[in-house]
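Colleague: File follows, entry.txt with compact mmCIF, C-alpha atoms:
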# COMPACT_ATOMS: atom_id res chain seq x y z
CA MET B 1 0.00 0.00 0.00
CA LYS B 2 2.90 2.30 0.81
CA ILE B 3 4.38 1.81 -2.65
CA PHE B 4 1.01 2.22 -4.35
CA THR B 5 0.37 5.50 -2.49
CA PHE B 6 3.83 6.75 -3.41
CA PHE B 7 3.42 6.12 -7.13
CA TRP B 8 -0.14 7.43 -7.11
CA MET B 9 1.00 10.70 -5.53
CA VAL B 10 3.91 11.00 -7.97
CA ALA B 11 1.42 10.55 -10.81
CA VAL B 12 -0.86 13.18 -9.27
CA ILE B 13 2.00 15.68 -9.00
CA ILE B 14 3.06 15.10 -12.58
CA GLY B 15 -0.55 15.21 -13.74
CA SER B 16 -1.22 18.44 -11.88
CA LEU B 17 1.74 20.11 -13.54
CA TYR B 18 1.56 18.75 -17.11
CA LEU B 19 -1.77 17.04 -17.78
CA ALA B 20 -4.25 19.50 -16.31
CA PRO B 21 -4.76 22.73 -18.26
CA GLU B 22 -4.98 26.09 -16.53
CA ALA B 23 -8.47 27.02 -15.37
CA ALA B 24 -10.17 29.81 -17.28
CA GLY B 25 -9.40 33.24 -15.83
CA PHE B 26 -6.42 32.09 -13.79
CA LYS B 27 -2.86 31.39 -14.71
CA SER B 28 -0.82 28.52 -13.34
CA THR B 29 -1.96 29.43 -9.84
CA SER B 30 -5.18 27.45 -10.40
CA ARG B 31 -3.11 24.30 -9.94
CA VAL B 32 -3.25 24.96 -6.22
CA ILE B 33 -6.67 23.26 -6.10
CA PHE B 34 -4.97 19.89 -6.61
CA TYR B 35 -3.22 20.33 -3.27
CA HIS B 36 -5.17 22.90 -1.25
CA VAL B 37 -8.62 21.31 -1.54
CA PRO B 38 -7.48 17.73 -0.74
CA MET B 39 -5.54 19.06 2.26
CA SER B 40 -8.67 20.77 3.62
CA TRP B 41 -10.63 17.60 2.91
CA VAL B 42 -8.13 15.47 4.84
CA ALA B 43 -8.26 17.92 7.76
CA SER B 44 -12.06 17.62 7.95
CA LEU B 45 -11.91 13.86 7.54
CA ALA B 46 -9.33 13.57 10.30
CA PHE B 47 -11.55 15.52 12.65
CA LEU B 48 -14.54 13.33 11.79
CA VAL B 49 -12.45 10.21 12.43
CA ALA B 50 -11.37 11.66 15.79
CA ALA B 51 -14.98 12.36 16.81
CA ILE B 52 -16.10 8.86 15.77
CA SER B 53 -13.17 7.29 17.63
CA GLY B 54 -14.20 9.40 20.62
CA ILE B 55 -17.74 7.99 20.53
CA LEU B 56 -16.36 4.45 20.15
CA TYR B 57 -14.04 5.01 23.10
CA LEU B 58 -16.89 6.20 25.32
CA ARG B 59 -18.95 3.17 24.34
CA THR B 60 -16.26 0.51 24.70
CA LYS B 61 -13.57 2.09 26.94
CA LYS B 62 -10.86 0.50 24.80
CA LEU B 63 -7.72 2.62 24.77
CA VAL B 64 -6.99 1.73 21.16
CA TYR B 65 -9.78 4.08 20.05
CA ASP B 66 -8.16 6.90 21.97
CA ILE B 67 -4.92 6.20 20.14
CA TRP B 68 -6.82 6.42 16.85
CA ALA B 69 -8.40 9.70 17.94
CA VAL B 70 -5.21 11.42 19.02
CA SER B 71 -3.29 10.20 15.96
CA SER B 72 -6.02 11.45 13.69
CA VAL B 73 -6.08 14.84 15.39
CA GLU B 74 -2.32 15.17 15.03
CA ILE B 75 -2.44 14.46 11.31
CA GLY B 76 -5.48 16.70 10.92
CA PHE B 77 -3.63 19.54 12.63
CA LEU B 78 -0.72 19.15 10.23
CA PHE B 79 -3.02 19.17 7.21
CA SER B 80 -4.98 22.19 8.49
CA ILE B 81 -1.73 24.13 8.76
CA LEU B 82 -0.73 23.03 5.25
CA ALA B 83 -4.13 23.99 3.85
CA THR B 84 -3.92 27.37 5.56
CA ILE B 85 -0.45 28.05 4.19
CA THR B 86 -1.23 26.98 0.63
CA GLY B 87 -4.51 28.93 0.68
CA SER B 88 -2.88 31.99 2.13
CA LEU B 89 -0.08 32.04 -0.43
CA TRP B 90 -2.57 31.67 -3.24
CA ALA B 91 -4.73 34.43 -1.75
CA LYS B 92 -1.73 36.76 -1.78
CA VAL B 93 -1.23 36.16 -5.48
CA GLU B 94 -4.86 36.21 -6.63
CA TRP B 95 -6.77 38.27 -4.06
CA GLY B 96 -3.93 40.59 -3.06
CA ALA B 97 -3.64 39.80 0.64
CA PHE B 98 -2.53 36.83 2.70
CA TRP B 99 -5.57 37.05 4.92
CA ASN B 100 -9.11 38.31 4.28
CA TRP B 101 -11.30 36.74 7.00
CA ASP B 102 -13.19 34.92 4.33
CA PRO B 103 -15.67 32.39 5.87
CA ARG B 104 -13.52 29.42 4.94
CA GLU B 105 -10.50 31.13 6.45
CA THR B 106 -12.53 31.75 9.60
CA SER B 107 -13.56 28.11 9.79
CA ILE B 108 -9.99 26.87 9.39
CA VAL B 109 -8.88 29.20 12.20
CA VAL B 110 -11.62 27.77 14.40
CA LEU B 111 -10.55 24.26 13.41
CA LEU B 112 -6.93 25.05 14.32
CA MET B 113 -8.07 26.51 17.65
CA ILE B 114 -10.10 23.40 18.44
CA TYR B 115 -7.17 21.12 17.64
CA ALA B 116 -4.80 23.28 19.68
CA ALA B 117 -7.23 23.30 22.61
CA TYR B 118 -7.50 19.52 22.30
CA PHE B 119 -3.73 19.12 22.77
CA ALA B 120 -3.70 21.63 25.64
CA LEU B 121 -6.51 19.71 27.31
CA ARG B 122 -4.73 16.38 26.96
CA SER B 123 -1.52 17.74 28.43
CA ALA B 124 -3.43 19.06 31.46
CA LEU B 125 -5.03 15.70 32.27
CA GLU B 126 -3.08 13.29 34.39
CA SER B 127 -4.23 9.69 34.24
CA ARG B 128 -4.35 7.78 30.96
CA GLU B 129 -8.10 7.05 31.26
CA GLN B 130 -8.91 10.67 32.04
CA LYS B 131 -6.93 11.80 29.01
CA ALA B 132 -8.84 9.42 26.78
CA GLN B 133 -12.29 9.99 28.20
CA ILE B 134 -12.36 13.76 28.65
CA SER B 135 -10.62 14.55 25.37
CA ALA B 136 -13.15 12.27 23.64
CA VAL B 137 -15.97 14.34 25.16
CA TYR B 138 -14.32 17.54 23.98
CA SER B 139 -13.77 16.33 20.43
CA ILE B 140 -17.43 15.27 20.17
CA LEU B 141 -18.65 18.62 21.53
CA ALA B 142 -16.38 20.54 19.20
CA PHE B 143 -17.48 18.45 16.25
CA ILE B 144 -21.20 19.09 16.72
CA THR B 145 -20.66 22.86 16.55
CA VAL B 146 -18.99 22.63 13.12
CA PRO B 147 -22.30 22.52 11.16
CA PHE B 148 -23.37 25.70 12.94
CA LEU B 149 -20.22 27.46 11.84
CA VAL B 150 -20.79 26.34 8.27
CA PHE B 151 -24.23 27.99 8.31
CA VAL B 152 -23.56 30.94 10.59
CA VAL B 153 -20.23 32.35 9.47
CA PRO B 154 -21.05 32.94 5.78
CA ARG B 155 -24.04 35.04 6.90
CA ILE B 156 -21.85 37.81 8.19
CA LEU B 157 -18.83 37.52 5.95
CA PHE B 158 -18.66 37.75 2.19
CA THR B 159 -17.02 34.73 0.61
CA LEU B 160 -14.41 34.81 -2.11
CA HIS B 161 -14.25 31.03 -2.26
CA PRO B 162 -16.10 29.30 -5.07
CA GLN B 163 -19.31 27.71 -3.82
CA ASN B 164 -19.16 23.95 -4.37
CA PRO B 165 -16.98 24.25 -7.46
CA VAL B 166 -17.03 20.57 -8.25
CA PHE B 167 -20.54 19.36 -7.68
CA THR B 168 -22.86 22.16 -8.75
CA THR B 169 -23.65 21.90 -12.43
CA GLN B 170 -23.02 25.51 -13.35
CA ALA B 171 -19.59 25.76 -11.80
CA GLY B 172 -18.89 22.14 -12.63
CA LYS B 173 -18.88 23.02 -16.29
CA MET B 174 -15.95 25.34 -15.64
CA MET B 175 -13.79 22.37 -14.77
CA SER B 176 -12.60 20.54 -17.83
CA PRO B 177 -12.58 16.71 -17.71
CA LYS B 178 -8.79 16.66 -17.41
CA ILE B 179 -8.86 18.97 -14.39
CA LYS B 180 -11.59 16.82 -12.86
CA LEU B 181 -9.56 13.66 -13.43
CA VAL B 182 -6.45 15.06 -11.76
CA PHE B 183 -8.52 16.67 -9.00
CA PHE B 184 -10.32 13.50 -7.98
CA SER B 185 -7.13 11.43 -8.31
CA SER B 186 -5.49 13.91 -5.98
CA MET B 187 -8.38 13.68 -3.49
CA PHE B 188 -8.07 9.90 -3.56
CA GLY B 189 -4.28 10.04 -3.27
CA PHE B 190 -4.37 12.39 -0.31
CA THR B 191 -6.97 10.21 1.41
CA LEU B 192 -4.72 7.17 0.96
CA PHE B 193 -1.78 9.20 2.21
CA TYR B 194 -3.79 10.18 5.28
CA TYR B 195 -4.75 6.58 5.94
CA TRP B 196 -1.14 5.45 5.60
CA LEU B 197 0.08 8.17 8.00
CA LEU B 198 -2.70 7.32 10.45
CA ARG B 199 -1.83 3.63 10.47
CA LEU B 200 1.84 4.43 10.96
CA ARG B 201 1.09 6.84 13.80
CA VAL B 202 -1.30 4.40 15.50
CA ASN B 203 1.21 1.55 15.36
CA LEU B 204 3.94 3.80 16.73
CA GLU B 205 1.74 4.89 19.61
CA ARG B 206 0.77 1.30 20.41
CA ILE B 207 4.42 0.25 20.55
CA LYS B 208 5.16 3.23 22.81
CA GLU B 209 2.35 2.31 25.21
CA LYS B 210 3.47 -1.31 25.31
CA MET B 211 6.96 -0.25 26.27
CA LEU B 212 5.77 1.87 29.18
CA MET A 1 -46.58 19.06 40.77
CA ILE A 2 -42.89 18.36 41.02
CA ARG A 3 -42.19 14.90 42.43
CA LYS A 4 -39.68 14.81 45.26
CA SER A 5 -37.66 12.01 43.74
CA GLY A 6 -38.00 13.46 40.25
CA PHE A 7 -35.31 14.77 37.98
CA LEU A 8 -36.53 18.36 37.98
CA TYR A 9 -36.82 18.47 41.76
CA LYS A 10 -33.23 17.33 42.14
CA SER A 11 -31.99 19.84 39.58
CA LEU A 12 -33.78 22.65 41.37
CA TYR A 13 -32.41 21.39 44.66
CA ILE A 14 -28.86 21.57 43.31
CA LEU A 15 -29.63 25.07 42.04
CA GLN A 16 -30.93 26.09 45.44
CA LYS A 17 -27.84 24.65 47.13
CA ASP A 18 -25.56 26.58 44.81
CA LEU A 19 -27.52 29.79 45.30
CA HIS A 20 -27.29 29.40 49.09
CA GLN A 21 -23.58 28.78 48.88
CA GLU A 22 -23.11 31.71 46.54
CA PHE A 23 -24.98 34.14 48.74
CA ARG A 24 -22.99 33.00 51.74
CA THR A 25 -19.59 33.76 50.19
CA ARG A 26 -20.53 35.92 47.19
CA TYR A 27 -17.28 34.70 45.62
CA ALA A 28 -18.39 34.16 42.01
CA ILE A 29 -20.66 37.17 41.80
CA ASN A 30 -18.00 39.48 43.23
CA ALA A 31 -15.30 38.18 40.92
CA ILE A 32 -17.42 38.27 37.79
CA LEU A 33 -19.01 41.65 38.54
CA LEU A 34 -15.77 43.42 39.37
CA PHE A 35 -14.14 41.90 36.33
CA ALA A 36 -16.99 43.07 34.10
CA VAL A 37 -16.95 46.59 35.50
CA THR A 38 -13.17 46.80 35.19
CA THR A 39 -13.30 45.68 31.58
CA LEU A 40 -16.08 48.14 30.87
CA VAL A 41 -14.07 51.01 32.36
CA VAL A 42 -10.99 49.97 30.38
CA VAL A 43 -12.98 49.79 27.14
CA SER A 44 -14.77 53.06 27.77
CA PHE A 45 -11.57 54.81 28.82
CA SER A 46 -9.54 53.61 25.85
CA ILE A 47 -12.23 54.58 23.37
CA GLY A 48 -12.66 58.06 24.84
CA ALA A 49 -15.10 60.28 23.04
CA ALA A 50 -14.92 58.44 19.71
CA GLU A 51 -18.21 57.85 17.95
CA LEU A 52 -18.95 54.13 17.66
CA SER A 53 -21.21 52.39 15.18
CA LYS A 54 -24.08 50.19 16.44
CA ASN A 55 -22.21 47.07 15.31
CA THR A 56 -19.12 48.01 17.28
CA LEU A 57 -21.20 48.75 20.38
CA SER A 58 -22.78 45.33 20.15
CA SER A 59 -19.41 43.59 19.59
CA LEU A 60 -17.77 45.34 22.54
CA LEU A 61 -20.69 44.45 24.81
CA TRP A 62 -20.42 40.78 23.88
CA ILE A 63 -16.65 40.78 24.30
CA ILE A 64 -17.12 42.07 27.86
CA ILE A 65 -19.82 39.47 28.54
CA PHE A 66 -17.65 36.68 27.08
CA PHE A 67 -14.61 37.46 29.19
CA SER A 68 -16.69 37.99 32.32
CA ALA A 69 -18.29 34.60 31.75
CA MET A 70 -14.82 33.12 31.37
CA THR A 71 -13.79 34.42 34.80
CA GLY A 72 -16.85 33.39 36.77
CA LEU A 73 -18.74 30.50 35.23
CA SER A 74 -16.14 27.79 35.83
CA HIS A 75 -16.62 28.31 39.53
CA VAL A 76 -19.61 25.92 39.84
CA PHE A 77 -17.53 22.83 39.22
CA VAL A 78 -14.09 24.03 40.26
CA ARG A 79 -15.42 24.82 43.73
CA GLU A 80 -16.79 21.31 44.17
CA GLU A 81 -13.38 19.87 43.31
CA GLU A 82 -11.43 22.33 45.44
CA GLN A 83 -13.59 21.94 48.52
CA GLN A 84 -13.71 18.19 47.90
CA THR A 85 -17.47 18.11 47.95
CA ALA A 86 -17.70 16.58 44.48
CA ASP A 87 -17.77 12.99 45.72
CA THR A 88 -20.69 13.65 48.04
CA LEU A 89 -22.52 15.35 45.22
CA ARG A 90 -21.94 12.29 43.04
CA LEU A 91 -23.73 10.18 45.63
CA VAL A 92 -26.68 12.52 46.09
CA ALA A 93 -27.96 13.06 42.57
CA SER A 94 -27.78 11.71 39.05
CA PRO A 95 -25.23 13.34 36.70
CA SER A 96 -27.87 14.87 34.46
CA ALA A 97 -29.70 16.47 37.41
CA ILE A 98 -26.42 17.96 38.61
CA PHE A 99 -25.65 19.28 35.16
CA VAL A 100 -29.06 20.91 34.76
CA GLY A 101 -28.84 22.46 38.24
CA LYS A 102 -25.41 23.92 37.57
CA TRP A 103 -26.51 25.09 34.13
CA LEU A 104 -29.48 26.98 35.60
CA PHE A 105 -27.20 28.51 38.22
CA ASN A 106 -24.79 29.74 35.55
CA ILE A 107 -27.63 31.26 33.53
CA LEU A 108 -28.91 33.10 36.60
CA LEU A 109 -25.41 34.27 37.47
CA LEU A 110 -24.76 35.64 33.99
CA LEU A 111 -28.18 37.29 33.75
CA GLY A 112 -27.70 38.83 37.20
CA LEU A 113 -24.39 40.24 36.05
CA GLU A 114 -25.95 41.70 32.93
CA LEU A 115 -28.68 43.35 34.97
CA ILE A 116 -25.94 45.54 36.44
CA LEU A 117 -23.50 45.59 33.54
CA ILE A 118 -25.83 46.66 30.73
CA PRO A 119 -27.26 49.82 32.35
CA LEU A 120 -23.68 50.82 33.19
CA TYR A 121 -22.62 50.05 29.64
CA MET A 122 -25.42 52.24 28.28
CA VAL A 123 -24.30 55.11 30.50
CA PHE A 124 -20.57 54.80 29.84
CA MET A 125 -20.78 54.13 26.11
CA ASP A 126 -23.71 56.47 25.47
CA MET A 127 -25.76 53.70 23.88
CA THR A 128 -29.45 54.03 23.13
CA VAL A 129 -31.39 50.87 22.37
CA GLY A 130 -33.81 51.11 19.49
CA ASN A 131 -35.99 48.14 20.36
CA LEU A 132 -35.83 47.18 24.00
CA SER A 133 -37.84 43.95 23.87
CA ALA A 134 -35.77 42.59 20.97
CA PHE A 135 -32.60 43.67 22.76
CA THR A 136 -33.63 41.90 25.96
CA LEU A 137 -34.52 38.74 24.07
CA MET A 138 -31.16 38.67 22.28
CA ILE A 139 -29.26 39.23 25.53
CA VAL A 140 -31.19 36.48 27.34
CA LEU A 141 -30.81 33.95 24.52
CA GLY A 142 -27.15 34.80 23.99
CA SER A 143 -26.42 34.46 27.69
CA MET A 144 -28.17 31.11 27.76
CA GLY A 145 -25.97 29.97 24.89
CA VAL A 146 -22.81 31.22 26.58
CA SER A 147 -23.79 29.54 29.86
CA SER A 148 -24.61 26.26 28.14
CA VAL A 149 -21.18 25.93 26.57
CA ALA A 150 -19.44 27.32 29.66
CA THR A 151 -21.09 24.81 32.01
CA ILE A 152 -19.89 21.68 30.22
CA MET A 153 -16.46 23.22 29.67
CA ALA A 154 -16.33 24.08 33.38
CA ALA A 155 -17.00 20.43 34.16
CA ILE A 156 -14.17 19.44 31.82
CA ILE A 157 -11.61 21.87 33.19
CA SER A 158 -12.46 21.06 36.81
CA ARG A 159 -10.83 17.66 36.16
CA THR A 160 -7.60 19.12 34.76
CA SER A 161 -4.50 20.45 36.46
CA ALA A 162 -4.55 23.86 34.71
CA LYS A 163 -8.03 25.03 35.63
CA GLY A 164 -8.04 28.74 34.91
CA ALA A 165 -5.98 28.96 31.75
CA LEU A 166 -7.78 26.30 29.78
CA PHE A 167 -11.34 27.52 30.26
CA ALA A 168 -11.34 30.29 27.65
CA VAL A 169 -9.17 28.27 25.27
CA LEU A 170 -11.59 25.33 25.28
CA SER A 171 -14.78 27.38 25.30
CA PHE A 172 -14.09 29.95 22.61
CA PRO A 173 -14.09 27.75 19.48
CA VAL A 174 -17.25 25.95 20.61
CA MET A 175 -18.92 29.20 21.65
CA LEU A 176 -18.12 31.10 18.46
CA PRO A 177 -21.51 30.49 16.75
CA VAL A 178 -23.29 31.87 19.83
CA LEU A 179 -21.11 34.96 19.87
CA ILE A 180 -21.53 35.66 16.14
CA LEU A 181 -25.31 35.26 16.31
CA SER A 182 -25.64 37.31 19.49
CA ILE A 183 -23.49 40.16 18.20
CA GLN A 184 -25.46 40.27 14.98
CA GLY A 185 -28.86 40.04 16.67
CA THR A 186 -28.01 42.60 19.34
CA ALA A 187 -26.76 45.04 16.70
CA LEU A 188 -30.08 44.67 14.87
CA ALA A 189 -31.99 45.35 18.09
CA ILE A 190 -29.87 48.40 18.96
CA GLN A 191 -30.62 49.80 15.51
CA GLY A 192 -34.32 49.52 16.34
CA ASN A 193 -35.34 46.52 14.26
CA SER A 194 -38.28 44.44 15.48
CA ILE A 195 -37.99 40.89 16.76
CA SER A 196 -39.11 39.45 13.43
CA ALA A 197 -36.09 41.04 11.70
CA GLY A 198 -33.80 38.99 13.94
CA MET A 199 -35.85 35.80 13.63
CA ASP A 200 -33.04 33.89 11.90
CA GLU A 201 -30.63 34.66 14.73
CA ILE A 202 -33.22 33.72 17.37
CA GLN A 203 -34.01 30.40 15.72
CA MET A 204 -30.35 29.52 15.24
CA LEU A 205 -29.53 30.43 18.84
CA LEU A 206 -32.40 28.32 20.17
CA LEU A 207 -31.32 25.42 17.98
CA PHE A 208 -27.72 25.73 19.16
CA ILE A 209 -28.77 25.81 22.82
CA ILE A 210 -30.97 22.73 22.39
CA VAL A 211 -28.23 20.80 20.57
CA ILE A 212 -25.43 21.72 22.96
CA VAL A 213 -27.46 21.12 26.12
CA THR A 214 -28.70 17.73 24.88
CA ALA A 215 -25.17 16.70 23.94
CA SER A 216 -23.85 17.98 27.26
CA ILE A 217 -26.41 16.04 29.29
CA LEU A 218 -25.49 12.88 27.37
CA LEU A 219 -21.74 13.45 27.69
CA PHE A 220 -21.60 14.94 31.18
CA GLU A 221 -21.69 11.52 32.79
CA PHE A 222 -18.32 10.69 31.20
CA VAL A 223 -16.71 13.83 32.56
CA TRP A 224 -18.28 13.68 35.99
CA ILE A 225 -17.83 10.03 36.90
CA LEU A 226 -14.39 8.62 36.25
Any chance you could put this one into structure tokens?
Modeller:
Amino acid sequence: MKIFTFFWMVAVIIGSLYLAPEAAGFKSTSRVIFYHVPMSWVASLAFLVAAISGILYLRTKKLVYDIWAVSSVEIGFLFSILATITGSLWAKVEWGAFWNWDPRETSIVVLLMIYAAYFALRSALESREQKAQISAVYSILAFITVPFLVFVVPRILFTLHPQNPVFTTQAGKMMSPKIKLVFFSSMFGFTLFYYWLLRLRVNLERIKEKML
Amino acid sequence: MIRKSGFLYKSLYILQKDLHQEFRTRYAINAILLFAVTTLVVVSFSIGAAELSKNTLSSLLWIIIFFSAMTGLSHVFVREEEQQTADTLRLVASPSAIFVGKWLFNILLLLGLELILIPLYMVFMDMTVGNLSAFTLMIVLGSMGVSSVATIMAAIISRTSAKGALFAVLSFPVMLPVLILSIQGTALAIQGNSISAGMDEIQMLLLFIIVIVTASILLFEFVWIL
């Protein structure tokens, strides 16, 4: 799986640079969607996985689910930072400023704050069971407020992000089949990459806990 | 009638116990009130005679309320841990009854604070409210939202070793929808819009409170008993 992911990602990188044409209205900067969007997707997925692992931990009290949760949050944090950096650089080029408090930018800041609070909370809890149980409660609580942010924040802030660029028919037409191909391959590749990292991180953590 | 062994009776009993304890020491109300007044003076002083828009007035008011809540509302659970009365409380009532009791106490505490803070704010900041009933409704709903999130977060931080510092850090991201909606709704009310103009905010706030309180009641057990 490791080798497959590696070659898939290499293909995606080559494809994003040579196969996919530039999107109408943008120059080469439009290629950022092959990296920026999958990174945001992985960050959201990681948070979802953490919340589900949290629920499973509370139901079964098996520490392995806590290991899944914390590993997923760590990877999600990394990908949120990457998505923020890539988005911010692109915004400087196309929109003229690194930061605009666009709704999506606001939500990623909130996501980063939740992740950071999650780590702070874990470090302030002493016993292993407390760490697992209370951080699971926090990740579930934080997760259920995300839909509210999605609905609430765009009401007060004007968005510069495209609305559902891939799935709505009108905007979907703007994406040529080649862009779509590379885009979805990249989404798939990043998801595999996330899964590989998660497995690696979980195994590492399990070995660490066994040694203690 | 309220049954003596019932859930509501126990919640109200916890509320009564907390109110008694609070009036005996006046610790939380003193801390939160002085903090709020200090912040208000700082804000008013640093702004000086500058003319503020209605939106800014509403934002500043909610910032003061948010930080005041962050100083006082964790007290309900932290006190039980510090005075080592938490274990007795665990024996007396079910987790959900305790949560609801503490939640009601926090709502009352925050509303009591606002009863003093808001008139002062109006005097200091030279604010006139366009539609008083809409304004009151937004303040009450917003405070309920703030208290709902703060109560479960207070329960969480009372189990940690860094009680004070974590409270705001944990609460803010979860509380952000409440703050955005309250600031927006309050600004509308200050401008003199009727309640129906802020209906979206009111519905969203109510929905948020219902969702977060339900989730908290379900999850509180895992924080409280360990």
Colleague: Give as a ChimeraX atom specification every residue of chain A that touches chain B within 7 Å, counting all atoms listed in the file.
Modeller: /A:156,160-162,169-170,173-174,177,219,222-223
Colleague: The residues within 9 Å of (-15.6, 41.0, 30.0), using only C-alpha atoms and the coordinates of the file, should be reported as a list of chain:residue names; which are they?
Modeller: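 Using only C-alpha atoms, the matching residues come out as A:Ile32, A:Phe35, A:Ala36, A:Val37, A:Thr38, A:Thr39, A:Leu40, A:Leu60, A:Leu61, A:Trp62, A:Ile63, A:Ile64, A:Ile65, A:Phe66, A:Phe67, A:Ser68, A:Ala69, A:Met70, A:Thr71.
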Colleague: Identify which of the residues A:Gln84, A:Ser11, A:Ser216, A:Asn131 lies closest to Ala197 in chain A, counting only C-alpha atoms when measuring atom-to-atom distances.
Modeller: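 Ranking A:Gln84, A:Ser11, A:Ser216, A:Asn131 by distance to Ala197 in chain A, first place goes to A:Asn131.
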Colleague: Would you work out the distance separating CA of Leu108 in chain A from CA of Glu80 in chain A, expressed in Å to one decimal?
Modeller: 18.5 Å
Colleague: Interatomic distance between CA of Ile108 in chain B and CA of Ile85 in chain B?
Modeller: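 About the pair CA of Ile108 in chain B and CA of Ile85 in chain B: they are 10.9 Å apart.
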Colleague: What does the structure give for the distance between CA of Phe23 in chain A and CA of Thr85 in chain A, in Å to one decimal?
Modeller: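 Straight-line distance from CA of Phe23 in chain A to CA of Thr85 in chain A works out to 17.7 Å.
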Colleague: Between B:Ser71, B:Ser127, B:Thr84, B:Ser176, which has the minimum distance to Arg206 in chain B (counting only C-alpha atoms)?
Modeller: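 Of the candidates, the smallest distance to Arg206 in chain B is held by B:Ser71.
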Colleague: Do a neighbour search on Leu113 in chain A at 8 Å with all atoms listed in the file, toss out local chain neighbours closer than 3 positions, and write the hits as number ranges by chain.
Modeller: A: 29, 32-33, 109-110, 116-117
Colleague: What's around Arg79 in chain A at 12 Å? Count all atoms listed in the file, leave out sequence neighbours fewer than 6 positions away in its own chain, and write the answer as a PDB file with C-alpha atoms, keeping the file's coordinate frame.
Modeller:
ATOM      1  CA  ASP A  18     -25.560  26.580  44.810  1.00  0.00           C
ATOM      2  CA  GLN A  21     -23.580  28.780  48.880  1.00  0.00           C
ATOM      3  CA  GLU A  22     -23.110  31.710  46.540  1.00  0.00           C
ATOM      4  CA  THR A  25     -19.590  33.760  50.190  1.00  0.00           C
ATOM      5  CA  TYR A  27     -17.280  34.700  45.620  1.00  0.00           C
ATOM      6  CA  ALA A  28     -18.390  34.160  42.010  1.00  0.00           C
ATOM      7  CA  GLY A  72     -16.850  33.390  36.770  1.00  0.00           C
ATOM      8  CA  LEU A  73     -18.740  30.500  35.230  1.00  0.00           C
ATOM      9  CA  THR A  85     -17.470  18.110  47.950  1.00  0.00           C
ATOM     10  CA  ALA A  86     -17.700  16.580  44.480  1.00  0.00           C
ATOM     11  CA  LEU A  89     -22.520  15.350  45.220  1.00  0.00           C
ATOM     12  CA  LYS A 102     -25.410  23.920  37.570  1.00  0.00           C
ATOM     13  CA  ALA A 154     -16.330  24.080  33.380  1.00  0.00           C
ATOM     14  CA  ALA A 155     -17.000  20.430  34.160  1.00  0.00           C
ATOM     15  CA  ILE A 157     -11.610  21.870  33.190  1.00  0.00           C
ATOM     16  CA  SER A 158     -12.460  21.060  36.810  1.00  0.00           C
ATOM     17  CA  ARG A 159     -10.830  17.660  36.160  1.00  0.00           C
ATOM     18  CA  LYS A 163      -8.030  25.030  35.630  1.00  0.00           C
TER      19      LYS A 163
END
Colleague: Return the single residue from A:Leu12, A:Val149, A:Leu226, A:Val42 that is closest to Phe124 in chain A, with distances computed using all atoms listed in the file.
Modeller: A:Val42
Colleague: If we count all atoms listed in the file, what is near Gly142 in chain A at a cut-off of 8 Å, once residues fewer than 2 positions away on the same chain are taken out, given as a list of chain:residue names?
Modeller: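 Counting all atoms listed in the file, the residues come to A:Met138, A:Ile139, A:Val140, A:Met144, A:Gly145, A:Val146, A:Val178, A:Leu179, A:Leu181, A:Ser182, A:Leu205.
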Colleague: Show me, as a CSV table (one decimal) with C-alpha atoms, keeping the file's coordinate frame, the residues that have an atom within 12 Å of Gly6 in chain A when counting all atoms listed in the file, minus same-chain residues fewer than 6 positions from it.
Modeller:
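Wrote result_27.csv, looks like this:
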chain,number,residue,atom,x,y,z
A,12,LEU,CA,-33.8,22.6,41.4
A,13,TYR,CA,-32.4,21.4,44.7
A,93,ALA,CA,-28.0,13.1,42.6
A,94,SER,CA,-27.8,11.7,39.0
A,96,SER,CA,-27.9,14.9,34.5
A,97,ALA,CA,-29.7,16.5,37.4
Colleague: Would you please work out which residue, of B:Tyr195, B:Phe183, B:Tyr18, B:Phe79, is nearest to Ser40 in chain B when using all atoms listed in the file?
Modeller: B:Phe79
Colleague: Mind checking which residues fall within 6 Å of range 186-191 of chain A, counting all atoms listed in the file, ignoring those fewer than 5 positions away in the same chain, and posting them as a list of chain:residue names?
Modeller: A:Lys54, A:Asn55, A:Ser58, A:Val129, A:Gly130, A:Asn131, A:Ala134, A:Phe135, A:Met138
